[in-house]
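Novice: So that you have it, the file is upload-v2.pdb, and it contains PDB, C-alpha atoms and all ligand atoms:
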```pdb
ATOM      1  CA  MET A  14      25.381 -25.739  -9.320  1.00  0.00           C
ATOM      2  CA  SER A  15      24.288 -26.597 -12.895  1.00  0.00           C
ATOM      3  CA  GLU A  16      24.145 -30.395 -12.211  1.00  0.00           C
ATOM      4  CA  ARG A  17      21.586 -29.676  -9.476  1.00  0.00           C
ATOM      5  CA  VAL A  18      19.230 -28.155 -12.036  1.00  0.00           C
ATOM      6  CA  THR A  19      16.853 -30.782 -13.453  1.00  0.00           C
ATOM      7  CA  SER A  20      13.339 -30.536 -14.826  1.00  0.00           C
ATOM      8  CA  ALA A  21      12.169 -31.589 -11.350  1.00  0.00           C
ATOM      9  CA  THR A  22      13.877 -28.556  -9.805  1.00  0.00           C
ATOM     10  CA  THR A  23      12.720 -26.052 -12.378  1.00  0.00           C
ATOM     11  CA  VAL A  24       9.694 -23.891 -11.814  1.00  0.00           C
ATOM     12  CA  ASP A  25       6.701 -24.903 -13.899  1.00  0.00           C
ATOM     13  CA  LEU A  26       4.209 -22.067 -13.964  1.00  0.00           C
ATOM     14  CA  SER A  27       1.612 -24.262 -15.665  1.00  0.00           C
ATOM     15  CA  GLN A  28       1.325 -26.025 -12.261  1.00  0.00           C
ATOM     16  CA  PHE A  29       0.299 -22.794 -10.538  1.00  0.00           C
ATOM     17  CA  GLN A  30      -3.062 -22.957  -8.834  1.00  0.00           C
ATOM     18  CA  VAL A  31      -4.793 -20.500  -6.596  1.00  0.00           C
ATOM     19  CA  ARG A  32      -5.455 -22.902  -3.742  1.00  0.00           C
ATOM     20  CA  ASP A  33      -6.581 -21.828  -0.270  1.00  0.00           C
ATOM     21  CA  TYR A  34      -6.950 -18.235  -1.412  1.00  0.00           C
ATOM     22  CA  ASP A  35     -10.215 -16.395  -0.991  1.00  0.00           C
ATOM     23  CA  PRO A  36     -10.511 -13.322  -3.239  1.00  0.00           C
ATOM     24  CA  GLY A  37     -13.282 -12.158  -0.921  1.00  0.00           C
ATOM     25  CA  ALA A  38     -15.887 -11.445  -3.614  1.00  0.00           C
ATOM     26  CA  GLY A  39     -17.621 -13.449  -6.322  1.00  0.00           C
ATOM     27  CA  LEU A  40     -16.768 -13.428 -10.012  1.00  0.00           C
ATOM     28  CA  PHE A  41     -19.577 -10.987 -10.857  1.00  0.00           C
ATOM     29  CA  VAL A  42     -18.399  -8.352  -8.354  1.00  0.00           C
ATOM     30  CA  ARG A  43     -14.735  -8.774  -9.339  1.00  0.00           C
ATOM     31  CA  THR A  44     -15.599  -8.411 -13.011  1.00  0.00           C
ATOM     32  CA  ALA A  45     -17.754  -5.341 -12.348  1.00  0.00           C
ATOM     33  CA  TRP A  46     -14.896  -3.783 -10.392  1.00  0.00           C
ATOM     34  CA  PHE A  47     -12.284  -4.383 -13.089  1.00  0.00           C
ATOM     35  CA  LEU A  48     -14.531  -3.336 -15.983  1.00  0.00           C
ATOM     36  CA  PHE A  49     -16.298  -0.315 -14.484  1.00  0.00           C
ATOM     37  CA  GLY A  50     -15.272   0.551 -10.914  1.00  0.00           C
ATOM     38  CA  LEU A  51     -11.492   0.681 -11.270  1.00  0.00           C
ATOM     39  CA  PRO A  52     -11.407   2.704 -14.531  1.00  0.00           C
ATOM     40  CA  LEU A  53     -13.826   5.219 -12.954  1.00  0.00           C
ATOM     41  CA  LEU A  54     -11.759   5.437  -9.771  1.00  0.00           C
ATOM     42  CA  ARG A  55      -8.565   6.103 -11.715  1.00  0.00           C
ATOM     43  CA  CYS A  56      -9.797   8.616 -14.252  1.00  0.00           C
ATOM     44  CA  SER A  57      -9.801  12.323 -13.502  1.00  0.00           C
ATOM     45  CA  VAL A  58     -13.377  12.741 -14.759  1.00  0.00           C
ATOM     46  CA  LEU A  59     -14.783  12.203 -11.262  1.00  0.00           C
ATOM     47  CA  PRO A  60     -14.528  15.734  -9.875  1.00  0.00           C
ATOM     48  CA  SER A  61     -14.103  14.968  -6.193  1.00  0.00           C
ATOM     49  CA  SER A  62     -13.023  12.557  -3.495  1.00  0.00           C
ATOM     50  CA  LEU A  63     -16.675  12.285  -2.529  1.00  0.00           C
ATOM     51  CA  LEU A  64     -17.474  10.221  -5.622  1.00  0.00           C
ATOM     52  CA  ARG A  65     -14.285   8.152  -5.360  1.00  0.00           C
ATOM     53  CA  ARG A  66     -15.095   7.364  -1.721  1.00  0.00           C
ATOM     54  CA  GLY A  67     -18.655   6.435  -2.732  1.00  0.00           C
ATOM     55  CA  LEU A  68     -17.418   4.161  -5.497  1.00  0.00           C
ATOM     56  CA  LEU A  69     -15.012   2.339  -3.184  1.00  0.00           C
ATOM     57  CA  ARG A  70     -17.720   1.969  -0.524  1.00  0.00           C
ATOM     58  CA  LEU A  71     -20.122   0.608  -3.143  1.00  0.00           C
ATOM     59  CA  PHE A  72     -17.589  -2.182  -3.747  1.00  0.00           C
ATOM     60  CA  GLY A  73     -17.207  -2.960  -0.053  1.00  0.00           C
ATOM     61  CA  ALA A  74     -14.416  -0.685   1.230  1.00  0.00           C
ATOM     62  CA  THR A  75     -14.678   0.753   4.732  1.00  0.00           C
ATOM     63  CA  ILE A  76     -13.763   4.441   4.556  1.00  0.00           C
ATOM     64  CA  GLY A  77     -13.947   7.013   7.335  1.00  0.00           C
ATOM     65  CA  VAL A  78     -14.967  10.654   7.077  1.00  0.00           C
ATOM     66  CA  GLY A  79     -12.739  13.327   5.526  1.00  0.00           C
ATOM     67  CA  VAL A  80     -10.691  10.951   3.380  1.00  0.00           C
ATOM     68  CA  VAL A  81      -9.076  12.551   0.315  1.00  0.00           C
ATOM     69  CA  ILE A  82      -8.524  10.241  -2.654  1.00  0.00           C
ATOM     70  CA  LYS A  83      -6.784  11.776  -5.679  1.00  0.00           C
ATOM     71  CA  PRO A  84      -7.224  10.607  -9.302  1.00  0.00           C
ATOM     72  CA  GLY A  85      -5.055   7.777 -10.598  1.00  0.00           C
ATOM     73  CA  VAL A  86      -5.271   5.715  -7.395  1.00  0.00           C
ATOM     74  CA  ARG A  87      -5.410   1.983  -8.095  1.00  0.00           C
ATOM     75  CA  VAL A  88      -7.037  -0.516  -5.711  1.00  0.00           C
ATOM     76  CA  LYS A  89      -6.989  -4.249  -6.401  1.00  0.00           C
ATOM     77  CA  TYR A  90      -9.889  -5.354  -4.184  1.00  0.00           C
ATOM     78  CA  PRO A  91     -11.909  -2.575  -2.454  1.00  0.00           C
ATOM     79  CA  TRP A  92     -13.642  -5.159  -0.262  1.00  0.00           C
ATOM     80  CA  LYS A  93     -10.268  -5.843   1.388  1.00  0.00           C
ATOM     81  CA  LEU A  94      -9.555  -2.150   2.079  1.00  0.00           C
ATOM     82  CA  LYS A  95     -10.120  -0.277   5.329  1.00  0.00           C
ATOM     83  CA  ILE A  96      -9.296   3.435   5.611  1.00  0.00           C
ATOM     84  CA  GLY A  97      -9.747   5.434   8.821  1.00  0.00           C
ATOM     85  CA  GLN A  98     -10.687   9.098   9.142  1.00  0.00           C
ATOM     86  CA  HIS A  99      -8.941  12.075   7.486  1.00  0.00           C
ATOM     87  CA  CYS A 100      -6.491  10.027   5.433  1.00  0.00           C
ATOM     88  CA  TRP A 101      -4.937  11.256   2.168  1.00  0.00           C
ATOM     89  CA  ILE A 102      -4.218   9.000  -0.790  1.00  0.00           C
ATOM     90  CA  GLY A 103      -2.090  10.722  -3.468  1.00  0.00           C
ATOM     91  CA  GLU A 104      -2.134  10.448  -7.261  1.00  0.00           C
ATOM     92  CA  ASP A 105      -1.106   7.080  -8.703  1.00  0.00           C
ATOM     93  CA  ALA A 106      -0.786   5.352  -5.334  1.00  0.00           C
ATOM     94  CA  TRP A 107      -1.221   1.622  -5.909  1.00  0.00           C
ATOM     95  CA  ILE A 108      -2.949  -0.408  -3.203  1.00  0.00           C
ATOM     96  CA  ASP A 109      -2.306  -3.937  -4.507  1.00  0.00           C
ATOM     97  CA  ASN A 110      -4.411  -5.639  -1.857  1.00  0.00           C
ATOM     98  CA  ILE A 111      -5.058  -9.287  -2.597  1.00  0.00           C
ATOM     99  CA  ALA A 112      -4.830  -9.426   1.240  1.00  0.00           C
ATOM    100  CA  ALA A 113      -6.255  -6.847   3.639  1.00  0.00           C
ATOM    101  CA  VAL A 114      -4.811  -3.338   3.717  1.00  0.00           C
ATOM    102  CA  SER A 115      -5.773  -1.335   6.746  1.00  0.00           C
ATOM    103  CA  LEU A 116      -5.007   2.354   7.260  1.00  0.00           C
ATOM    104  CA  GLY A 117      -5.620   4.031  10.619  1.00  0.00           C
ATOM    105  CA  ASP A 118      -6.703   7.656  11.019  1.00  0.00           C
ATOM    106  CA  ASN A 119      -4.685  10.585   9.569  1.00  0.00           C
ATOM    107  CA  VAL A 120      -2.542   8.337   7.394  1.00  0.00           C
ATOM    108  CA  CYS A 121      -0.914   9.867   4.307  1.00  0.00           C
ATOM    109  CA  ILE A 122      -0.062   7.694   1.317  1.00  0.00           C
ATOM    110  CA  SER A 123       1.761   9.948  -1.153  1.00  0.00           C
ATOM    111  CA  GLN A 124       1.996   9.944  -4.928  1.00  0.00           C
ATOM    112  CA  GLY A 125       3.027   6.693  -6.565  1.00  0.00           C
ATOM    113  CA  ALA A 126       3.434   4.729  -3.333  1.00  0.00           C
ATOM    114  CA  TYR A 127       3.065   0.962  -3.762  1.00  0.00           C
ATOM    115  CA  LEU A 128       1.503  -1.271  -1.096  1.00  0.00           C
ATOM    116  CA  CYS A 129       2.177  -4.891  -2.148  1.00  0.00           C
ATOM    117  CA  THR A 130       0.379  -7.734  -0.337  1.00  0.00           C
ATOM    118  CA  GLY A 131       1.176 -10.558  -2.787  1.00  0.00           C
ATOM    119  CA  ASN A 132       4.153 -12.898  -2.889  1.00  0.00           C
ATOM    120  CA  HIS A 133       5.135 -16.258  -4.416  1.00  0.00           C
ATOM    121  CA  ASN A 134       6.852 -19.213  -2.778  1.00  0.00           C
ATOM    122  CA  TRP A 135      10.118 -19.491  -4.750  1.00  0.00           C
ATOM    123  CA  LYS A 136      10.851 -22.900  -3.147  1.00  0.00           C
ATOM    124  CA  ASP A 137       7.718 -24.308  -4.749  1.00  0.00           C
ATOM    125  CA  ARG A 138       7.819 -25.609  -8.363  1.00  0.00           C
ATOM    126  CA  ALA A 139       4.279 -24.331  -8.804  1.00  0.00           C
ATOM    127  CA  PHE A 140       5.258 -20.849  -7.526  1.00  0.00           C
ATOM    128  CA  GLY A 141       2.440 -20.932  -4.913  1.00  0.00           C
ATOM    129  CA  LEU A 142       0.679 -17.735  -3.958  1.00  0.00           C
ATOM    130  CA  ILE A 143       1.330 -16.058  -0.599  1.00  0.00           C
ATOM    131  CA  ALA A 144      -0.919 -13.183   0.479  1.00  0.00           C
ATOM    132  CA  LEU A 145      -0.096 -11.170   3.605  1.00  0.00           C
ATOM    133  CA  PRO A 146      -1.864  -8.090   4.993  1.00  0.00           C
ATOM    134  CA  ILE A 147      -0.387  -4.606   5.419  1.00  0.00           C
ATOM    135  CA  SER A 148      -1.311  -2.375   8.322  1.00  0.00           C
ATOM    136  CA  ILE A 149      -0.457   1.325   8.559  1.00  0.00           C
ATOM    137  CA  ASP A 150      -1.245   2.875  11.913  1.00  0.00           C
ATOM    138  CA  ASP A 151      -2.613   6.304  12.851  1.00  0.00           C
ATOM    139  CA  GLY A 152      -0.623   9.311  11.667  1.00  0.00           C
ATOM    140  CA  ALA A 153       1.928   7.379   9.605  1.00  0.00           C
ATOM    141  CA  TRP A 154       3.226   8.716   6.268  1.00  0.00           C
ATOM    142  CA  VAL A 155       4.259   6.569   3.307  1.00  0.00           C
ATOM    143  CA  ALA A 156       6.059   9.145   1.150  1.00  0.00           C
ATOM    144  CA  ALA A 157       6.001   9.382  -2.634  1.00  0.00           C
ATOM    145  CA  ARG A 158       7.254   6.374  -4.644  1.00  0.00           C
ATOM    146  CA  ALA A 159       7.885   4.317  -1.512  1.00  0.00           C
ATOM    147  CA  SER A 160       7.144   0.578  -1.596  1.00  0.00           C
ATOM    148  CA  VAL A 161       5.817  -1.533   1.277  1.00  0.00           C
ATOM    149  CA  ALA A 162       6.272  -5.321   1.241  1.00  0.00           C
ATOM    150  CA  PRO A 163       3.689  -8.009   2.141  1.00  0.00           C
ATOM    151  CA  GLY A 164       3.017  -8.480   5.857  1.00  0.00           C
ATOM    152  CA  VAL A 165       4.523  -5.175   6.994  1.00  0.00           C
ATOM    153  CA  VAL A 166       3.144  -3.129   9.885  1.00  0.00           C
ATOM    154  CA  ILE A 167       3.979   0.575   9.888  1.00  0.00           C
ATOM    155  CA  GLY A 168       3.633   1.946  13.393  1.00  0.00           C
ATOM    156  CA  ARG A 169       1.796   4.965  14.669  1.00  0.00           C
ATOM    157  CA  SER A 170       3.249   8.281  13.351  1.00  0.00           C
ATOM    158  CA  ALA A 171       6.106   6.468  11.606  1.00  0.00           C
ATOM    159  CA  ILE A 172       7.463   7.752   8.274  1.00  0.00           C
ATOM    160  CA  VAL A 173       8.583   5.820   5.246  1.00  0.00           C
ATOM    161  CA  GLY A 174      10.769   8.278   3.289  1.00  0.00           C
ATOM    162  CA  PHE A 175      10.672   9.208  -0.374  1.00  0.00           C
ATOM    163  CA  GLY A 176      11.309   6.124  -2.543  1.00  0.00           C
ATOM    164  CA  ALA A 177      12.038   3.876   0.445  1.00  0.00           C
ATOM    165  CA  VAL A 178      11.682   0.105   0.117  1.00  0.00           C
ATOM    166  CA  ILE A 179      10.159  -1.247   3.329  1.00  0.00           C
ATOM    167  CA  LEU A 180      10.704  -4.971   3.853  1.00  0.00           C
ATOM    168  CA  ARG A 181      10.310  -5.082   7.665  1.00  0.00           C
ATOM    169  CA  ASP A 182       7.968  -3.505  10.224  1.00  0.00           C
ATOM    170  CA  VAL A 183       8.583   0.154  11.069  1.00  0.00           C
ATOM    171  CA  PRO A 184       8.152   0.876  14.808  1.00  0.00           C
ATOM    172  CA  PRO A 185       6.060   3.858  15.941  1.00  0.00           C
ATOM    173  CA  HIS A 186       7.569   7.343  15.459  1.00  0.00           C
ATOM    174  CA  GLU A 187      10.579   6.015  13.534  1.00  0.00           C
ATOM    175  CA  ILE A 188      11.648   7.403  10.126  1.00  0.00           C
ATOM    176  CA  HIS A 189      13.039   4.819   7.702  1.00  0.00           C
ATOM    177  CA  THR A 190      14.591   5.618   4.313  1.00  0.00           C
ATOM    178  CA  GLY A 191      16.568   3.882   1.561  1.00  0.00           C
ATOM    179  CA  ASN A 192      16.580   0.493  -0.159  1.00  0.00           C
ATOM    180  CA  PRO A 193      16.336  -1.669   1.846  1.00  0.00           C
ATOM    181  CA  ALA A 194      15.056   0.943   4.254  1.00  0.00           C
ATOM    182  CA  THR A 195      16.804   1.518   7.561  1.00  0.00           C
ATOM    183  CA  PHE A 196      16.152   3.697  10.591  1.00  0.00           C
ATOM    184  CA  VAL A 197      17.420   7.270  10.219  1.00  0.00           C
ATOM    185  CA  ARG A 198      15.834   9.260  13.026  1.00  0.00           C
ATOM    186  CA  TYR A 199      12.836   9.623  15.318  1.00  0.00           C
ATOM    187  CA  ARG A 200       9.879  11.763  14.318  1.00  0.00           C
ATOM    188  CA  GLU A 201       9.138  14.654  16.622  1.00  0.00           C
ATOM    189  CA  ILE A 202       5.783  16.373  16.262  1.00  0.00           C
ATOM    190  CA  GLY A 203       5.159  19.860  17.667  1.00  0.00           C
ATOM    191  CA  THR A 204       1.813  21.275  18.690  1.00  0.00           C
ATOM    192  CA  ASN A 205      -0.220  23.337  16.179  1.00  0.00           C
ATOM    193  CA  ASN A 206       1.101  26.556  17.719  1.00  0.00           C
ATOM    194  CA  GLU A 207       4.623  25.356  18.081  1.00  0.00           C
ATOM    195  CA  PRO A 208       5.955  23.307  15.157  1.00  0.00           C
ATOM    196  CA  CYS A 209       9.183  21.558  16.047  1.00  0.00           C
ATOM    197  CA  SER A 210      10.702  22.179  12.614  1.00  0.00           C
ATOM    198  CA  LEU A 211       9.906  24.376   9.621  1.00  0.00           C
ATOM    199  CA  ALA A 212      10.275  23.587   5.934  1.00  0.00           C
ATOM    200  CA  THR A 213      11.233  26.673   3.912  1.00  0.00           C
ATOM    201  CA  ALA A 214      11.190  27.521   0.217  1.00  0.00           C
ATOM    202  CA  SER A 215      14.995  27.626   0.261  1.00  0.00           C
ATOM    203  CA  GLY A 216      15.043  23.917   1.039  1.00  0.00           C
ATOM    204  CA  SER A 217      16.480  24.014   4.544  1.00  0.00           C
ATOM    205  CA  PHE A 218      14.446  22.675   7.414  1.00  0.00           C
TER     206      PHE A 218
HETATM  207  C1  LIG B   1      12.704  14.801   0.877  1.00  0.00           C
HETATM  208  C2  LIG B   1      13.288  13.955   1.992  1.00  0.00           C
HETATM  209  C3  LIG B   1      13.809  12.631   1.385  1.00  0.00           C
HETATM  210  C4  LIG B   1      14.401  14.706   2.722  1.00  0.00           C
HETATM  211  O1  LIG B   1      14.802  13.903   3.815  1.00  0.00           O
HETATM  212  P1  LIG B   1      16.342  13.779   4.248  1.00  0.00           P
HETATM  213  O2  LIG B   1      17.212  13.520   3.072  1.00  0.00           O
HETATM  214  O3  LIG B   1      16.388  12.829   5.408  1.00  0.00           O
HETATM  215  O4  LIG B   1      16.629  15.215   4.717  1.00  0.00           O
HETATM  216  P2  LIG B   1      17.966  15.719   5.409  1.00  0.00           P
HETATM  217  O5  LIG B   1      18.858  14.578   5.816  1.00  0.00           O
HETATM  218  O6  LIG B   1      18.520  16.754   4.511  1.00  0.00           O
HETATM  219  O7  LIG B   1      17.345  16.341   6.720  1.00  0.00           O
HETATM  220  C5  LIG B   1      17.831  17.561   7.261  1.00  0.00           C
HETATM  221  C6  LIG B   1      16.937  17.957   8.397  1.00  0.00           C
HETATM  222  O8  LIG B   1      15.646  18.273   7.878  1.00  0.00           O
HETATM  223  C7  LIG B   1      14.655  17.493   8.507  1.00  0.00           C
HETATM  224  N1  LIG B   1      13.669  17.091   7.511  1.00  0.00           N
HETATM  225  C8  LIG B   1      13.883  16.452   6.338  1.00  0.00           C
HETATM  226  N2  LIG B   1      12.712  16.263   5.693  1.00  0.00           N
HETATM  227  C9  LIG B   1      11.748  16.824   6.482  1.00  0.00           C
HETATM  228  C10 LIG B   1      10.357  16.960   6.368  1.00  0.00           C
HETATM  229  N3  LIG B   1       9.667  16.489   5.304  1.00  0.00           N
HETATM  230  N4  LIG B   1       9.685  17.571   7.355  1.00  0.00           N
HETATM  231  C11 LIG B   1      10.328  18.056   8.435  1.00  0.00           C
HETATM  232  N5  LIG B   1      11.657  17.971   8.610  1.00  0.00           N
HETATM  233  C12 LIG B   1      12.357  17.354   7.639  1.00  0.00           C
HETATM  234  C13 LIG B   1      15.384  16.279   9.081  1.00  0.00           C
HETATM  235  O9  LIG B   1      14.702  15.769  10.208  1.00  0.00           O
HETATM  236  C14 LIG B   1      16.707  16.880   9.448  1.00  0.00           C
HETATM  237  O10 LIG B   1      16.576  17.518  10.684  1.00  0.00           O
HETATM  238  P3  LIG B   1      17.764  17.446  11.790  1.00  0.00           P
HETATM  239  O11 LIG B   1      18.977  18.018  11.089  1.00  0.00           O
HETATM  240  O12 LIG B   1      17.227  18.263  12.909  1.00  0.00           O
HETATM  241  O13 LIG B   1      17.913  15.975  12.103  1.00  0.00           O
HETATM  242  C15 LIG B   1      12.207  13.617   3.055  1.00  0.00           C
HETATM  243  O14 LIG B   1      11.718  14.824   3.571  1.00  0.00           O
HETATM  244  C16 LIG B   1      11.074  12.819   2.455  1.00  0.00           C
HETATM  245  O15 LIG B   1      11.151  11.612   2.279  1.00  0.00           O
HETATM  246  N6  LIG B   1       9.950  13.527   2.169  1.00  0.00           N
HETATM  247  C17 LIG B   1       8.814  12.961   1.476  1.00  0.00           C
HETATM  248  C18 LIG B   1       8.572  13.741   0.172  1.00  0.00           C
HETATM  249  C19 LIG B   1       7.286  13.301  -0.448  1.00  0.00           C
HETATM  250  O16 LIG B   1       6.940  12.146  -0.513  1.00  0.00           O
HETATM  251  N7  LIG B   1       6.512  14.269  -0.900  1.00  0.00           N
HETATM  252  C20 LIG B   1       5.183  14.010  -1.409  1.00  0.00           C
HETATM  253  C21 LIG B   1       4.334  15.171  -0.949  1.00  0.00           C
HETATM  254  S1  LIG B   1       2.630  14.671  -0.701  1.00  0.00           S
END
```
Could the structure of this file be written out as structure tokens, please?
Specialist:
Amino acid sequence: MSERVTSATTVDLSQFQVRDYDPGAGLFVRTAWFLFGLPLLRCSVLPSSLLRRGLLRLFGATIGVGVVIKPGVRVKYPWKLKIGQHCWIGEDAWIDNIAAVSLGDNVCISQGAYLCTGNHNWKDRAFGLIALPISIDDGAWVAARASVAPGVVIGRSAIVGFGAVILRDVPPHEIHTGNPATFVRYREIGTNNEPCSLATASGSF
């Protein structure tokens, strides 16, 4: 293996160039976001989701009604973010969206979840940038500390369990857990009057 390693086959990060990538906003807007918008979004001084929603909209995000955004949330590029109605985004969730991230309605992104849209081509000496969108459909739940890889689609009402690492699409109504995440069961949802399962303080379900 070692004789195959030459300077020509070694990565040279000085060759890296952001070619064919559109950040989606000019330098002035990006600078304003990083200097003022993002620190304001993350700090707990803003007393409500109302102001956080307003701030994200000001920088180009599309956000539906009734969206709850907790303090500590980090968004790379608001202008590449679309959030449907009645979604919840928990503390310290990180939406690392150099490509589009789209959330349907009633989506829950829990504390510390990481949505990663960026990648690098490891076959390329210059370590070229790859940006792929993430889509999370209506009613899906990305649980706390879970990570979602570039290009993934999480289907309607699917669940990504606590700390799961999602490298592939999750079909609708499926629950995936673990690293790398795998299917564990189907999600059943009762009506409001008739929940199909109950969580109790004793920890049994
Ligand atoms: C905590 C957690 C990992 C437990 O899942 P688990 O290890 O698969 O649980 P178990 O294998 O012990 O499941 C036992 C039963 O409880 C059910 N169950 C587990 N978690 C449940 C939940 N959150 N809601 C409803 N039922 C649940 C399972 O479906 C299973 O039912 P079954 O026996 O009828 O198949 C999972 O609930 C989870 O990922 N929750 C997210 C926690 C989180 O992010 N919290 C942030 C709050 S905003």
Novice: Name the residues in contact with segment 48-59 of chain A at a cut-off of 7 Å, using only C-alpha atoms, excluding same-chain residues fewer than 2 positions from it; report them as an MDAnalysis selection string.
Specialist: chainID A and resid 44:46 61 64:65 68 84:87
Novice: Ligand LIG 1 (chain B): which residues are within 12 Å, counting all atoms listed in the file, as an MDAnalysis selection string?
Specialist: chainID A and resid 81 83 100:106 120:126 154:160 171:178 187:191 194:203 208:213 216:218
Novice: Using all atoms listed in the file for the distances, tell me which of A:Leu145, A:Ile108, A:Tyr127, A:Arg32 is nearest to Val166 of chain A.
Specialist: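 Checking each of A:Leu145, A:Ile108, A:Tyr127, A:Arg32 against Val166 of chain A, counting all atoms listed in the file, the winner is A:Leu145.
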Novice: Quick check, in Å to one decimal: how far apart do atom CA of Phe47 of chain A and atom CA of Ala162 of chain A lie?
Specialist: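 Interatomic distance here is 23.5 Å.
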Novice: Env of Ala139 of chain A: 10 Å cut, atoms = all atoms listed in the file, seq-sep filter 4 positions within chain, self excluded. Answer as a PyMOL selection string.
Specialist: chain A and resi 23-30+133-135
Novice: Just the selected residues (C-alpha atoms), exported as a PDB file, keeping the file's coordinate frame, please.
Specialist:
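The new file out-v5.pdb reads:
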```pdb
ATOM      1  CA  THR A  23      12.720 -26.052 -12.378  1.00  0.00           C
ATOM      2  CA  VAL A  24       9.694 -23.891 -11.814  1.00  0.00           C
ATOM      3  CA  ASP A  25       6.701 -24.903 -13.899  1.00  0.00           C
ATOM      4  CA  LEU A  26       4.209 -22.067 -13.964  1.00  0.00           C
ATOM      5  CA  SER A  27       1.612 -24.262 -15.665  1.00  0.00           C
ATOM      6  CA  GLN A  28       1.325 -26.025 -12.261  1.00  0.00           C
ATOM      7  CA  PHE A  29       0.299 -22.794 -10.538  1.00  0.00           C
ATOM      8  CA  GLN A  30      -3.062 -22.957  -8.834  1.00  0.00           C
ATOM      9  CA  HIS A 133       5.135 -16.258  -4.416  1.00  0.00           C
ATOM     10  CA  ASN A 134       6.852 -19.213  -2.778  1.00  0.00           C
ATOM     11  CA  TRP A 135      10.118 -19.491  -4.750  1.00  0.00           C
TER      12      TRP A 135
END
```
Novice: For this structure, which residues satisfy the selection - the PyMOL selection byres (((chain A and resi 112-114) around 7) and not hetatm) - when it is evaluated on the file as given? I want them as a PDB file with C-alpha atoms, in the coordinates of the input.
Specialist:
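Saved file selection_14.pdb follows:
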```pdb
ATOM      1  CA  LYS A  93     -10.268  -5.843   1.388  1.00  0.00           C
ATOM      2  CA  LEU A  94      -9.555  -2.150   2.079  1.00  0.00           C
ATOM      3  CA  LYS A  95     -10.120  -0.277   5.329  1.00  0.00           C
ATOM      4  CA  ASN A 110      -4.411  -5.639  -1.857  1.00  0.00           C
ATOM      5  CA  ILE A 111      -5.058  -9.287  -2.597  1.00  0.00           C
ATOM      6  CA  SER A 115      -5.773  -1.335   6.746  1.00  0.00           C
ATOM      7  CA  LEU A 116      -5.007   2.354   7.260  1.00  0.00           C
ATOM      8  CA  THR A 130       0.379  -7.734  -0.337  1.00  0.00           C
ATOM      9  CA  ALA A 144      -0.919 -13.183   0.479  1.00  0.00           C
ATOM     10  CA  LEU A 145      -0.096 -11.170   3.605  1.00  0.00           C
ATOM     11  CA  PRO A 146      -1.864  -8.090   4.993  1.00  0.00           C
ATOM     12  CA  ILE A 147      -0.387  -4.606   5.419  1.00  0.00           C
ATOM     13  CA  SER A 148      -1.311  -2.375   8.322  1.00  0.00           C
TER      14      SER A 148
END
```
Novice: Could you check how far atom CA of Ile96 of chain A sits from atom CA of Cys129 of chain A, in Å to one decimal?
Specialist: 16.2 Å
Novice: For the atom pair atom CA of Gly39 of chain A and atom CA of Val161 of chain A, what is the interatomic distance in Å to one decimal place?
Specialist: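 The value is 27.4 Å.
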Novice: Would you give the centre and edge lengths, in Å to one decimal, of a box along x, y and z around the listed atoms of segment 116-129 of chain A, with 3 Å added to each side, as JSON?
Specialist:
```
{"center_x": -1.6, "center_y": 2.8, "center_z": 2.2, "size_x": 16.1, "size_y": 21.5, "size_z": 23.6}
```
Novice: Which polymer residues, protein or nucleic acid, are no farther than 9 Å from (9.0, -3.3, 13.3), counting all atoms listed in the file, as a ChimeraX atom specification?
Specialist: /A:165-168,181-185
Novice: Residues of the last selection are to be written out with C-alpha atoms, as a JSON list (two decimals), keeping the file's coordinate frame.
Specialist:
```json
[["chain", "number", "residue", "atom", "x", "y", "z"],
["A", 165, "VAL", "CA", 4.52, -5.18, 6.99],
["A", 166, "VAL", "CA", 3.14, -3.13, 9.88],
["A", 167, "ILE", "CA", 3.98, 0.57, 9.89],
["A", 168, "GLY", "CA", 3.63, 1.95, 13.39],
["A", 181, "ARG", "CA", 10.31, -5.08, 7.66],
["A", 182, "ASP", "CA", 7.97, -3.50, 10.22],
["A", 183, "VAL", "CA", 8.58, 0.15, 11.07],
["A", 184, "PRO", "CA", 8.15, 0.88, 14.81],
["A", 185, "PRO", "CA", 6.06, 3.86, 15.94]]
```
Novice: Given the PyMOL selection byres (((chain A and resi 98) around 6) and not hetatm) and the file above, list the residues it selects as a VMD selection string.
Specialist: chain A and resid 77 to 79 97 99 to 100 118
Novice: Hey, can you spit out that residue selection with C-alpha atoms as a CSV table (one decimal), in the coordinates of the input?
Specialist:
```
chain,number,residue,atom,x,y,z
A,77,GLY,CA,-13.9,7.0,7.3
A,78,VAL,CA,-15.0,10.7,7.1
A,79,GLY,CA,-12.7,13.3,5.5
A,97,GLY,CA,-9.7,5.4,8.8
A,99,HIS,CA,-8.9,12.1,7.5
A,100,CYS,CA,-6.5,10.0,5.4
A,118,ASP,CA,-6.7,7.7,11.0
```
Novice: Return the single residue from A:Leu180, A:Asp151, A:Thr22, A:Ile82 that is closest to Arg138 of chain A, with distances computed using all atoms listed in the file.
Specialist: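 Under the stated criterion, the closest residue is A:Thr22.
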